[in-house]
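Chemist: Provided herewith is a single structure, encoded as structure tokens, for subsequent inquiry.
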Amino acid sequence: MVLLVISYKTEEEAIRITNDTSYVYGYVSSANPDRAGQIAKQIIASQIMINKFNHNPYAPFGGMKQSGIGREGGTLGIQAYLEHNAVM
């Protein structure tokens, strides 16, 4: 895993920077979990963690940007060609 840190001035800029990448995994850190959830819903990624890293093997993964089409893991693994994201 690689962590990339880029500075930003506004939340809108942070979301734009995040959505302009080709990566499929996101992380939002905030003292306000509700606000972090609102930001996470605007990020285009297959999985987005909020304030902690806790892998859930039942959550869908993959199928966005450079990871191609389809999902691995969870019940969504059988629903190929849909684009869902997991916000945790």
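Following the order of the structure tokens, chains are lettered A, B, ..., residues in each are numbered from 1, and ligands are numbered from 1.
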Set the distance at 12 Å and use only C-alpha atoms: which residues neighbour A:Phe53 once local chain neighbours fewer than 2 positions away are removed? I'd like the list as a PyMOL selection string.
Modeler: chain A and resi 1+25-29+47-51+55-56+87-88
Chemist: Calculate how many Å separate atom CA of A:Leu4 from atom CA of A:Thr21, rounding to one decimal.
Modeler: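 That distance, rounded to one decimal, is 10.9 Å.
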Chemist: Neighbouring residues of A:Thr18 were defined as those with any atom within 12 Å, considering only C-alpha atoms; residues of the same chain fewer than 2 positions away were excluded. Please report them as a list of chain:residue names.
Modeler: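 Once the adjacent positions are removed, what remains is A:Leu4, A:Val5, A:Ile6, A:Ser7, A:Tyr8, A:Glu11, A:Glu12, A:Glu13, A:Ala14, A:Ile15, A:Arg16, A:Asp20, A:Thr21, A:Ser22, A:Tyr23, A:Val24, A:Tyr25, A:Gly26, A:Tyr27, A:Val28, A:Ile39, A:Ala40, A:Gln42, A:Ile43, A:Ile44, A:Ala45, A:Ile48.
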